[in-house]
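The file coords-v8.txt contains compact mmCIF, C-alpha atoms (C1' of nucleotides) and all ligand atoms:
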# COMPACT_ATOMS: atom_id res chain seq x y z
CA MET A 191 0.00 0.00 0.00
CA ALA A 192 1.02 3.51 -0.52
CA SER A 193 1.38 5.57 2.56
CA ARG A 194 -1.63 7.87 2.97
CA LYS A 195 0.37 10.32 4.93
CA LYS A 196 3.88 11.64 4.71
CA PRO A 197 5.43 11.46 8.10
CA GLU A 198 8.81 12.16 6.54
CA PRO A 199 8.83 15.02 4.07
CA ALA A 200 12.55 14.44 3.87
CA THR A 201 12.17 11.24 1.92
CA ALA A 202 13.49 12.84 -1.21
CA GLY A 203 16.66 13.56 0.67
CA GLN A 204 17.27 9.88 1.07
CA GLY A 205 17.44 9.56 -2.67
CA ALA A 206 14.65 7.05 -2.89
CA LEU A 207 12.40 9.29 -4.93
CA ALA A 208 14.87 10.91 -7.24
CA PHE A 209 14.84 8.06 -9.75
CA ALA A 210 11.21 7.10 -9.34
CA SER A 211 8.38 9.01 -10.89
CA HIS A 212 6.91 11.05 -8.13
CA ASP A 213 5.09 14.22 -7.19
CA HIS A 214 8.01 16.45 -7.92
CA ALA A 215 6.08 19.66 -7.35
CA GLY A 216 5.60 18.55 -3.78
CA CYS A 217 9.19 17.40 -3.66
CA ARG A 218 10.41 20.81 -4.70
CA GLY A 219 7.90 22.51 -2.46
CA ASP A 220 9.13 20.56 0.55
CA VAL A 221 12.69 21.70 -0.03
CA LEU A 222 11.69 25.31 -0.56
CA ALA A 223 9.60 25.20 2.59
CA ARG A 224 12.49 23.82 4.55
CA VAL A 225 14.75 26.48 3.14
CA ALA A 226 12.24 29.11 4.18
CA THR A 227 12.41 27.96 7.77
CA LEU A 228 16.19 28.02 7.67
CA SER A 229 16.76 31.30 5.91
CA PRO A 230 16.34 33.84 8.66
CA GLY A 231 18.00 31.90 11.42
CA ALA A 232 21.06 30.61 9.65
CA GLY A 233 22.04 33.97 8.25
CA ILE A 234 20.94 32.95 4.80
CA ARG A 235 19.85 35.76 2.56
CA LEU A 236 17.89 34.60 -0.43
CA THR A 237 17.95 37.50 -2.83
CA PRO A 238 15.99 37.29 -6.09
CA VAL A 239 18.86 35.88 -8.16
CA ARG A 240 19.75 33.35 -5.51
CA ARG A 241 16.19 32.26 -4.97
CA ARG A 242 15.59 31.94 -8.67
CA THR A 243 18.81 30.00 -9.10
CA LEU A 244 17.73 27.59 -6.40
CA GLU A 245 14.33 27.19 -8.00
CA ILE A 246 15.93 26.47 -11.35
CA LEU A 247 18.12 23.79 -9.81
CA LEU A 248 15.06 22.35 -8.11
CA GLU A 249 13.20 21.86 -11.36
CA SER A 250 14.61 18.40 -11.82
CA HIS A 251 16.72 15.77 -10.17
CA ARG A 252 19.65 16.59 -12.41
CA ALA A 253 22.82 18.58 -12.06
CA MET A 254 23.07 21.73 -14.16
CA GLY A 255 26.12 23.44 -15.55
CA ALA A 256 26.70 27.03 -14.49
CA TYR A 257 26.22 28.26 -18.03
CA GLU A 258 22.96 26.39 -18.34
CA VAL A 259 21.75 28.14 -15.21
CA LEU A 260 23.11 31.40 -16.54
CA ASP A 261 21.10 31.11 -19.75
CA ARG A 262 17.97 30.68 -17.74
CA LEU A 263 18.73 33.62 -15.50
CA ALA A 264 19.62 35.86 -18.43
CA ALA A 265 16.40 34.91 -20.20
CA GLU A 266 14.51 36.04 -17.13
CA GLY A 267 16.12 39.44 -16.98
CA PHE A 268 19.01 38.83 -14.64
CA GLY A 269 22.60 39.46 -15.57
CA SER A 270 23.96 37.58 -18.52
CA GLN A 271 27.60 37.19 -17.57
CA PRO A 272 29.17 34.13 -15.92
CA PRO A 273 29.85 35.73 -12.53
CA VAL A 274 26.13 36.21 -12.04
CA ALA A 275 25.53 32.48 -12.12
CA TYR A 276 28.72 31.50 -10.33
CA ARG A 277 28.12 33.90 -7.48
CA ALA A 278 24.61 32.68 -6.89
CA LEU A 279 25.67 29.05 -7.16
CA ASP A 280 28.67 29.50 -4.90
CA TYR A 281 26.50 31.20 -2.35
CA LEU A 282 24.00 28.36 -2.37
CA VAL A 283 26.78 25.81 -2.05
CA GLU A 284 28.49 27.64 0.79
CA HIS A 285 25.24 27.86 2.68
CA GLY A 286 24.33 24.25 2.17
CA LEU A 287 21.45 24.81 -0.23
CA ALA A 288 23.18 23.30 -3.23
CA HIS A 289 26.00 20.94 -4.04
CA ARG A 290 28.74 20.98 -6.56
CA ILE A 291 28.98 17.75 -8.54
CA ARG A 292 32.61 17.62 -9.51
CA ARG A 293 32.43 14.74 -11.91
CA LEU A 294 29.97 16.74 -13.97
CA ASN A 295 31.33 20.23 -13.40
CA ALA A 296 27.82 21.04 -12.42
CA PHE A 297 25.53 21.99 -9.56
CA ALA A 298 22.44 20.52 -7.97
CA ALA A 299 20.03 21.68 -5.33
CA CYS A 300 20.50 20.09 -1.96
CA MET A 301 17.53 17.85 -1.27
CA ASN A 302 18.11 17.84 2.44
CA PRO A 303 19.20 21.31 3.45
CA GLY A 304 20.11 21.79 7.07
CA ASP A 305 20.60 18.11 7.75
CA ASP A 306 23.38 15.65 7.27
CA HIS A 307 25.88 17.29 5.03
CA SER A 308 28.48 15.71 2.81
CA PRO A 309 26.13 13.26 1.18
CA VAL A 310 26.88 10.61 -1.37
CA PHE A 311 25.71 11.23 -4.92
CA PHE A 312 24.43 8.74 -7.43
CA ILE A 313 24.69 9.85 -11.02
CA CYS A 314 22.81 7.79 -13.58
CA LYS A 315 24.69 7.63 -16.84
CA GLY A 316 21.53 6.50 -18.58
CA CYS A 317 19.17 9.35 -17.80
CA ASN A 318 21.50 11.87 -16.17
CA GLY A 319 19.43 11.70 -13.02
CA LEU A 320 21.04 12.55 -9.73
CA ALA A 321 20.20 11.29 -6.27
CA GLU A 322 21.59 12.39 -2.98
CA ALA A 323 21.73 10.19 0.09
CA PRO A 324 23.06 10.60 3.61
CA ALA A 325 26.60 9.40 3.96
CA ARG A 326 27.17 8.91 7.62
CA PRO A 327 28.47 5.33 7.38
CA VAL A 328 30.57 6.32 4.38
CA ARG A 329 31.98 9.21 6.29
CA ALA A 330 32.83 6.91 9.17
CA ALA A 331 34.71 4.55 6.87
CA VAL A 332 36.61 7.45 5.36
CA GLU A 333 37.47 8.82 8.79
CA ALA A 334 38.82 5.43 9.75
CA ALA A 335 41.11 5.37 6.73
CA ALA A 336 42.15 8.95 7.43
CA GLY A 337 42.90 8.19 11.05
CA ALA A 338 45.23 5.42 10.01
CA ILE A 339 47.54 7.94 8.37
CA GLY A 340 46.89 10.82 10.73
CA PHE A 341 44.99 12.86 8.19
CA SER A 342 42.30 15.23 9.39
CA VAL A 343 39.33 15.40 7.04
CA GLU A 344 37.56 18.68 6.56
CA ARG A 345 35.46 18.14 3.46
CA MET A 346 34.54 14.96 1.69
CA THR A 347 33.27 14.32 -1.81
CA VAL A 348 31.64 11.02 -2.68
CA GLU A 349 30.22 10.63 -6.16
CA THR A 350 29.24 7.50 -7.98
CA LEU A 351 28.44 6.85 -11.59
CA GLY A 352 26.17 4.01 -12.56
CA LEU A 353 22.62 3.11 -13.48
CA CYS A 354 19.44 3.98 -11.71
CA PRO A 355 16.74 1.32 -11.30
CA GLY A 356 14.87 2.59 -14.33
CA CYS A 357 17.89 2.51 -16.61
CA GLN A 358 19.15 -0.90 -15.61
CA GLY A 359 18.42 -3.76 -17.97
CA GLN A 360 17.62 -1.62 -20.95
CA GLY A 361 20.93 -1.82 -22.72
CA ALA A 362 22.04 1.81 -22.72
CA MET B 222 71.77 4.44 2.22
CA ALA B 223 68.93 2.62 0.65
CA SER B 224 66.69 0.44 2.70
CA ARG B 225 68.25 -3.00 3.23
CA LYS B 226 65.05 -4.81 2.60
CA LYS B 227 61.48 -4.00 1.71
CA PRO B 228 59.04 -6.57 2.93
CA GLU B 229 56.07 -4.52 1.73
CA PRO B 230 56.73 -2.61 -1.43
CA ALA B 231 53.07 -1.68 -1.39
CA THR B 232 53.28 0.43 1.74
CA ALA B 233 53.16 3.64 -0.22
CA GLY B 234 49.87 2.52 -1.62
CA GLN B 235 48.30 2.60 1.82
CA GLY B 236 49.02 6.29 1.98
CA ALA B 237 51.07 6.07 5.12
CA LEU B 238 54.22 7.32 3.45
CA ALA B 239 52.87 10.01 1.22
CA PHE B 240 52.85 12.69 3.91
CA ALA B 241 55.93 11.50 5.76
CA SER B 242 59.43 12.20 4.60
CA HIS B 243 60.61 9.00 3.04
CA ASP B 244 62.83 7.40 0.44
CA HIS B 245 60.81 8.61 -2.45
CA ALA B 246 63.21 7.35 -5.07
CA GLY B 247 62.49 3.88 -3.80
CA CYS B 248 58.83 4.68 -3.58
CA ARG B 249 58.75 5.71 -7.21
CA GLY B 250 60.93 2.79 -8.18
CA ASP B 251 58.58 0.34 -6.53
CA VAL B 252 55.65 1.63 -8.50
CA LEU B 253 57.56 1.59 -11.77
CA ALA B 254 58.72 -1.94 -11.07
CA ARG B 255 55.19 -3.05 -10.39
CA VAL B 256 54.03 -1.38 -13.55
CA ALA B 257 56.74 -3.22 -15.46
CA THR B 258 55.40 -6.56 -14.29
CA LEU B 259 51.88 -5.57 -15.28
CA SER B 260 52.56 -4.01 -18.63
CA PRO B 261 52.84 -6.99 -20.92
CA GLY B 262 50.14 -9.09 -19.36
CA ALA B 263 47.40 -6.53 -18.92
CA GLY B 264 47.63 -5.25 -22.46
CA ILE B 265 49.32 -2.09 -21.31
CA ARG B 266 51.56 -0.41 -23.82
CA LEU B 267 53.85 2.11 -22.30
CA THR B 268 55.08 4.20 -25.20
CA PRO B 269 57.67 6.91 -24.59
CA VAL B 270 55.18 9.72 -23.99
CA ARG B 271 53.10 7.59 -21.69
CA ARG B 272 56.05 6.32 -19.73
CA ARG B 273 57.48 9.77 -19.37
CA THR B 274 54.11 11.12 -18.30
CA LEU B 275 53.88 8.47 -15.63
CA GLU B 276 57.38 9.25 -14.44
CA ILE B 277 56.55 12.93 -14.22
CA LEU B 278 53.48 12.18 -12.13
CA LEU B 279 55.59 9.96 -9.93
CA GLU B 280 58.04 12.69 -9.07
CA SER B 281 56.02 13.77 -6.09
CA HIS B 282 53.00 12.89 -4.04
CA ARG B 283 51.02 15.67 -5.62
CA ALA B 284 48.43 15.93 -8.31
CA MET B 285 49.45 17.74 -11.48
CA GLY B 286 47.33 19.64 -13.94
CA ALA B 287 47.37 18.45 -17.52
CA TYR B 288 48.98 21.66 -18.68
CA GLU B 289 51.68 21.37 -16.08
CA VAL B 290 52.45 17.90 -17.40
CA LEU B 291 52.27 19.22 -20.93
CA ASP B 292 54.87 21.88 -20.23
CA ARG B 293 57.21 19.21 -18.98
CA LEU B 294 56.62 16.98 -21.97
CA ALA B 295 57.04 19.82 -24.44
CA ALA B 296 60.29 20.85 -22.79
CA GLU B 297 61.55 17.34 -23.33
CA GLY B 298 60.81 17.27 -27.02
CA PHE B 299 57.36 15.75 -27.07
CA GLY B 300 54.36 17.44 -28.61
CA SER B 301 53.38 20.78 -27.19
CA GLN B 302 49.64 20.76 -27.66
CA PRO B 303 47.02 19.80 -25.06
CA PRO B 304 45.91 16.54 -26.67
CA VAL B 305 49.41 15.16 -26.20
CA ALA B 306 49.12 15.41 -22.45
CA TYR B 307 45.45 14.53 -22.24
CA ARG B 308 45.85 11.42 -24.33
CA ALA B 309 48.73 10.13 -22.27
CA LEU B 310 46.96 10.96 -19.03
CA ASP B 311 43.69 9.44 -20.13
CA TYR B 312 45.47 6.29 -21.18
CA LEU B 313 47.16 5.99 -17.82
CA VAL B 314 43.88 6.56 -16.02
CA GLU B 315 41.99 4.05 -18.13
CA HIS B 316 44.62 1.44 -17.51
CA GLY B 317 44.77 2.01 -13.80
CA LEU B 318 48.20 3.62 -13.70
CA ALA B 319 46.98 7.05 -12.74
CA HIS B 320 43.97 8.71 -11.17
CA ARG B 321 42.04 11.79 -11.95
CA ILE B 322 41.54 14.04 -8.96
CA ARG B 323 38.35 15.84 -9.75
CA ARG B 324 38.44 18.36 -6.98
CA LEU B 325 41.74 19.62 -8.36
CA ASN B 326 41.12 19.10 -12.06
CA ALA B 327 44.39 17.24 -11.96
CA PHE B 328 46.04 13.85 -12.22
CA ALA B 329 48.19 11.71 -9.98
CA ALA B 330 50.09 8.48 -10.45
CA CYS B 331 48.42 5.46 -8.93
CA MET B 332 50.52 4.27 -6.01
CA ASN B 333 49.03 0.83 -6.06
CA PRO B 334 48.58 -0.21 -9.65
CA GLY B 335 46.94 -3.52 -10.24
CA ASP B 336 45.41 -3.75 -6.80
CA ASP B 337 42.33 -2.42 -5.14
CA HIS B 338 40.95 0.22 -7.40
CA SER B 339 38.69 3.12 -6.58
CA PRO B 340 40.74 4.33 -3.64
CA VAL B 341 40.05 7.21 -1.33
CA PHE B 342 42.19 10.31 -1.75
CA PHE B 343 43.42 12.65 0.93
CA ILE B 344 44.33 16.11 -0.30
CA CYS B 345 46.25 18.30 2.11
CA LYS B 346 45.28 21.92 1.72
CA GLY B 347 48.42 22.94 3.57
CA CYS B 348 51.11 21.37 1.42
CA ASN B 349 49.11 20.16 -1.60
CA GLY B 350 50.23 16.64 -0.82
CA LEU B 351 48.09 13.76 -1.97
CA ALA B 352 47.73 10.32 -0.44
CA GLU B 353 45.84 7.36 -1.80
CA ALA B 354 44.44 4.61 0.39
CA PRO B 355 42.39 1.47 -0.25
CA ALA B 356 38.70 2.09 0.04
CA ARG B 357 37.10 -1.29 0.45
CA PRO B 358 35.10 -0.43 3.57
CA VAL B 359 34.13 2.88 2.02
CA ARG B 360 33.01 1.12 -1.09
CA ALA B 361 30.95 -1.26 0.99
CA ALA B 362 29.21 1.61 2.74
CA VAL B 363 28.49 3.27 -0.58
CA GLU B 364 27.14 0.05 -2.04
CA ALA B 365 24.83 -0.28 0.92
CA ALA B 366 23.44 3.20 0.32
CA ALA B 367 23.13 2.46 -3.37
CA GLY B 368 21.35 -0.81 -2.75
CA ALA B 369 18.76 0.98 -0.66
CA ILE B 370 17.59 2.88 -3.72
CA GLY B 371 18.31 0.21 -6.30
CA PHE B 372 21.20 2.06 -7.86
CA SER B 373 23.98 0.06 -9.45
CA VAL B 374 27.40 1.61 -8.91
CA GLU B 375 29.96 1.38 -11.66
CA ARG B 376 32.57 3.94 -10.69
CA MET B 377 33.12 5.71 -7.42
CA THR B 378 35.03 8.85 -6.56
CA VAL B 379 36.00 9.58 -2.96
CA GLU B 380 38.12 12.62 -2.31
CA THR B 381 38.73 14.43 0.92
CA LEU B 382 40.27 17.80 1.66
CA GLY B 383 41.97 18.42 4.96
CA LEU B 384 45.31 18.55 6.69
CA CYS B 385 48.06 16.01 6.67
CA PRO B 386 49.85 15.18 9.92
CA GLY B 387 52.68 17.57 9.11
CA CYS B 388 50.39 20.49 8.36
CA GLN B 389 48.14 20.12 11.38
CA GLY B 390 48.71 22.48 14.28
CA GLN B 391 50.74 24.98 12.34
CA GLY B 392 48.04 27.54 11.70
CA ALA B 393 47.82 27.42 7.93
C1' DT C 114 52.46 -4.76 -50.97
C1' DA C 115 48.26 -3.38 -49.40
C1' DT C 116 45.66 -2.85 -45.38
C1' DC C 117 44.43 -1.97 -40.78
C1' DA C 118 45.07 -0.60 -36.03
C1' DT C 119 47.44 2.35 -33.10
C1' DA C 120 50.01 6.30 -31.86
C1' DT C 121 51.58 11.03 -32.23
C1' DG C 122 51.35 15.45 -33.69
C1' DT C 123 48.88 19.63 -35.34
C1' DT C 124 45.13 23.59 -35.52
C1' DA C 125 41.09 25.24 -33.88
C1' DT C 126 37.41 25.53 -30.76
C1' DA C 127 34.46 24.48 -26.88
C1' DG C 128 33.46 24.60 -22.00
C1' DC C 129 34.33 26.00 -17.21
C1' DA C 130 35.76 29.57 -13.90
C1' DT C 131 37.55 33.86 -11.91
C1' DA C 132 39.90 38.59 -11.55
C1' DA C 133 39.01 43.33 -11.51
C1' DC C 134 36.21 47.06 -11.76
C1' DA C 135 31.61 50.00 -11.56
C1' DG C 136 27.24 51.15 -9.85
C1' DG C 137 23.22 50.35 -6.70
C1' DT C 138 20.86 49.53 -2.36
C1' DC C 139 20.24 49.94 2.39
C1' DA C 140 21.01 50.39 7.27
C1' DA C 141 23.95 52.58 11.06
C1' DG C 142 25.86 56.46 12.89
C1' DC C 143 26.99 61.31 12.79
C1' DG D 271 19.91 64.84 5.99
C1' DC D 272 24.19 63.06 4.78
C1' DT D 273 28.10 59.98 5.05
C1' DT D 274 29.99 55.69 5.61
C1' DG D 275 30.49 50.94 5.02
C1' DA D 276 28.68 46.31 4.02
C1' DC D 277 26.80 43.78 0.61
C1' DC D 278 24.74 42.68 -3.85
C1' DT D 279 24.54 42.86 -8.78
C1' DG D 280 26.20 43.84 -13.11
C1' DT D 281 29.95 44.49 -16.53
C1' DT D 282 34.47 43.49 -19.37
C1' DA D 283 38.24 40.82 -19.89
C1' DT D 284 40.91 36.90 -19.26
C1' DG D 285 42.58 32.43 -17.79
C1' DC D 286 42.33 27.57 -17.19
C1' DT D 287 40.57 22.97 -18.62
C1' DA D 288 39.25 19.80 -22.23
C1' DT D 289 38.02 17.94 -26.78
C1' DA D 290 36.92 17.77 -31.93
C1' DA D 291 38.83 17.12 -36.30
C1' DC D 292 42.41 16.31 -39.24
C1' DA D 293 47.33 14.81 -40.93
C1' DT D 294 51.18 11.80 -40.61
C1' DA D 295 53.93 7.93 -39.03
C1' DT D 296 54.80 3.31 -37.58
C1' DG D 297 54.32 -1.48 -37.25
C1' DA D 298 51.81 -5.76 -37.50
C1' DT D 299 48.80 -8.74 -40.71
C1' DA D 300 47.40 -10.87 -44.57
ZN ZN E 1 11.45 15.25 -6.91
ZN ZN E 2 18.54 6.69 -14.88
ZN ZN E 3 57.03 8.54 -2.13
ZN ZN E 4 50.27 18.59 4.21
Can the structure in the file be given as C-alpha cells, please?
Amino acid sequence: MASRKKPEPATAGQGALAFASHDHAGCRGDVLARVATLSPGAGIRLTPVRRRTLEILLESHRAMGAYEVLDRLAAEGFGSQPPVAYRALDYLVEHGLAHRIRRLNAFAACMNPGDDHSPVFFICKGCNGLAEAPARPVRAAVEAAAGAIGFSVERMTVETLGLCPGCQGQGA
Amino acid sequence: MASRKKPEPATAGQGALAFASHDHAGCRGDVLARVATLSPGAGIRLTPVRRRTLEILLESHRAMGAYEVLDRLAAEGFGSQPPVAYRALDYLVEHGLAHRIRRLNAFAACMNPGDDHSPVFFICKGCNGLAEAPARPVRAAVEAAAGAIGFSVERMTVETLGLCPGCQGQGA
DNA sequence: TATCATATGTTATAGCATAACAGGTCAAGC
DNA sequence: GCTTGACCTGTTATGCTATAACATATGATA
C-alpha cells in the first residue's frame, strides 16, 4: 500500500524518490519550505537571483552546468555574464542549499538542506538523473582510513556513476 | 643508504608514506617496477610519452594539472599541444596507472597499480600533498546506500580535503 | 604490398571559472 | 539629511581545462 500520509517530508533527501516518478512539485515545495524555515535563522539571505537560481536547480533531479543556469537567468532578466551564475551558485553551495557535482562540473540543489551534510551522490549515466543520500556510514569509513595515516578530514566528496533502477536492464 | 630490505613494497599505496618524509626514489621505483610486471600481461603499452608522463606524475605525491604535465613533456621534445598530455593521461587513467583528482582538475600516479581500485584520496590543503588509500570499507558503505535505492554503482570517486599530519597544528 | 590498427602530432574551438572594476541599495551612525 | 560601510549585482576581460577534427607515421597482418 502507498502511505496515505507523509510522516517524513525528507524522503526525497534519502534519494529514494529521485529516480522514481513522483510528485516532484511537492518534492520541490518541501525543499523550498524547509529552506524558508532556515533562511532567517542561519544567516541565509535569499535575494531574487539566488532564490531563482535555487528554483531552477530544483526543477529536476539533475545537475546543471553554471552556463545552463546562466542562460535561464539571463532569459529572465538577470545578468547575462558568468559571474552572475557563479556567485549565486557559490552562495548556495556555501550555505548548504546546493552541491557541486565535480564529476559533472555542475551543480544541484540540496535535497536535504540543514541536515546531514556531505552526502553521497548517485549519477545515472543512462538518464543523467542525480540522487543524494546521507553518507554517515561512508563518512565513518573514510574517517577510519584517514585516522590510520593521521589525516584530518575537513570536506569529503563522494560521487558514484552508474545506473538507476529505471535505466538498468535496458541496454544503454 | 637505501633500505636493506622491503618486505612490503606496497606500503606507499596505503598512503602512510605520502605525507611523511621518506625514500621517495624507492617509492617511485617500486611503482615503476610493479608497472613493469603488469605491462605486458594486462595489455598495457607504455610508449615513450606515456612512460614519461607516468614518471613525471611519480616525481612527487602531488596531483598535477594536464597543462603542467604538458609543459614538462614539451620541454623534453614531445608534442606541445594539449591533446598530447590529455591522451597520455587518459590512457594511464583508463589502464589504472593514474587517477584523476576531480576536486583539483588534476592527475596523480596510482601508487598501487593492479590492486584495489577506486581508492580514497586525501588532499592536504596545507602542502598540496596527496595520499591514496584502499577504500574497500568505504566502497561497501556506498554500495549499501546504493542498494537501498536500487542504484547500481559502476565507478566511485572519494576525495577528501583536509590537513596532513605535518600540516596540522601549524596555523595554515 | 596493401591494409588496418594504433600512436603522435597539429590547428582550432568548446566549455568551465575567476579577476578586476563600476554602480546600486540599504542600514547605522553622525 | 548626509556619510559611511557592508553587501549585492552587473559588466568586461581573461585564464584555465578539455576535446573535436584532421594529418602523418609506424608497425603488425594478410
Ligand atoms: Zn522530486
Ligand atoms: Zn537513470
Ligand atoms: Zn614517495
Ligand atoms: Zn600537508
Would you list the contacts of segment 275-289 of chain D as a ChimeraX atom specification, taking every protein, DNA or RNA residue within 10 Å and counting all atoms listed in the file, but skipping same-chain residues closer than 2 positions in sequence? /A:237,239,268-271,273-274,277 /B:286-288,303-304,307,326-327 /C:126-141 /D:273,291
Report as a list in words all protein, DNA and RNA residues lying within 9 Å of segment 316-321 of chain A, evaluated on only C-alpha atoms (C1' of nucleotides), omitting residues in the same chain fewer than 3 positions from it. Ala202, Gly203, Gln204, Gly205, Ala206, Leu207, Ala208, Phe209, Ser250, His251, Arg252, Ala253, Ala298, Met301, Val310, Phe311, Phe312, Ile313, Gly352, Leu353, Cys354, Gly356, Cys357, Gln358 and Ala362 of chain A
Could the residues of chain A that have an atom at most 12 Å from ligand ZN 4 (chain E) be listed as a Markdown table, each with its closest atom pair and the distance in Å to one decimal, counting only C-alpha atoms and all ligand atoms and ordered by chain and ascending residue number?
| residue | atom | partner | partner_atom | distance |
| --- | --- | --- | --- | --- |
| A:Ile339 | CA | E:ZN4 | ZN | 11.8 |
| A:Gly340 | CA | E:ZN4 | ZN | 10.7 |
| A:Phe341 | CA | E:ZN4 | ZN | 8.7 |
| A:Ser342 | CA | E:ZN4 | ZN | 10.1 |
| A:Val343 | CA | E:ZN4 | ZN | 11.7 |
Over all Cα atoms paired in order, how far apart are chain B and chain A after a least-squares superposition, as an RMSD in Å? 1.8 Å
Exercise: segment 255-263 of chain B partners within 9 Å, only C-alpha atoms (C1' of nucleotides), chain neighbours under 6 positions left out, as a ChimeraX atom specification: /B:316,318,333-335
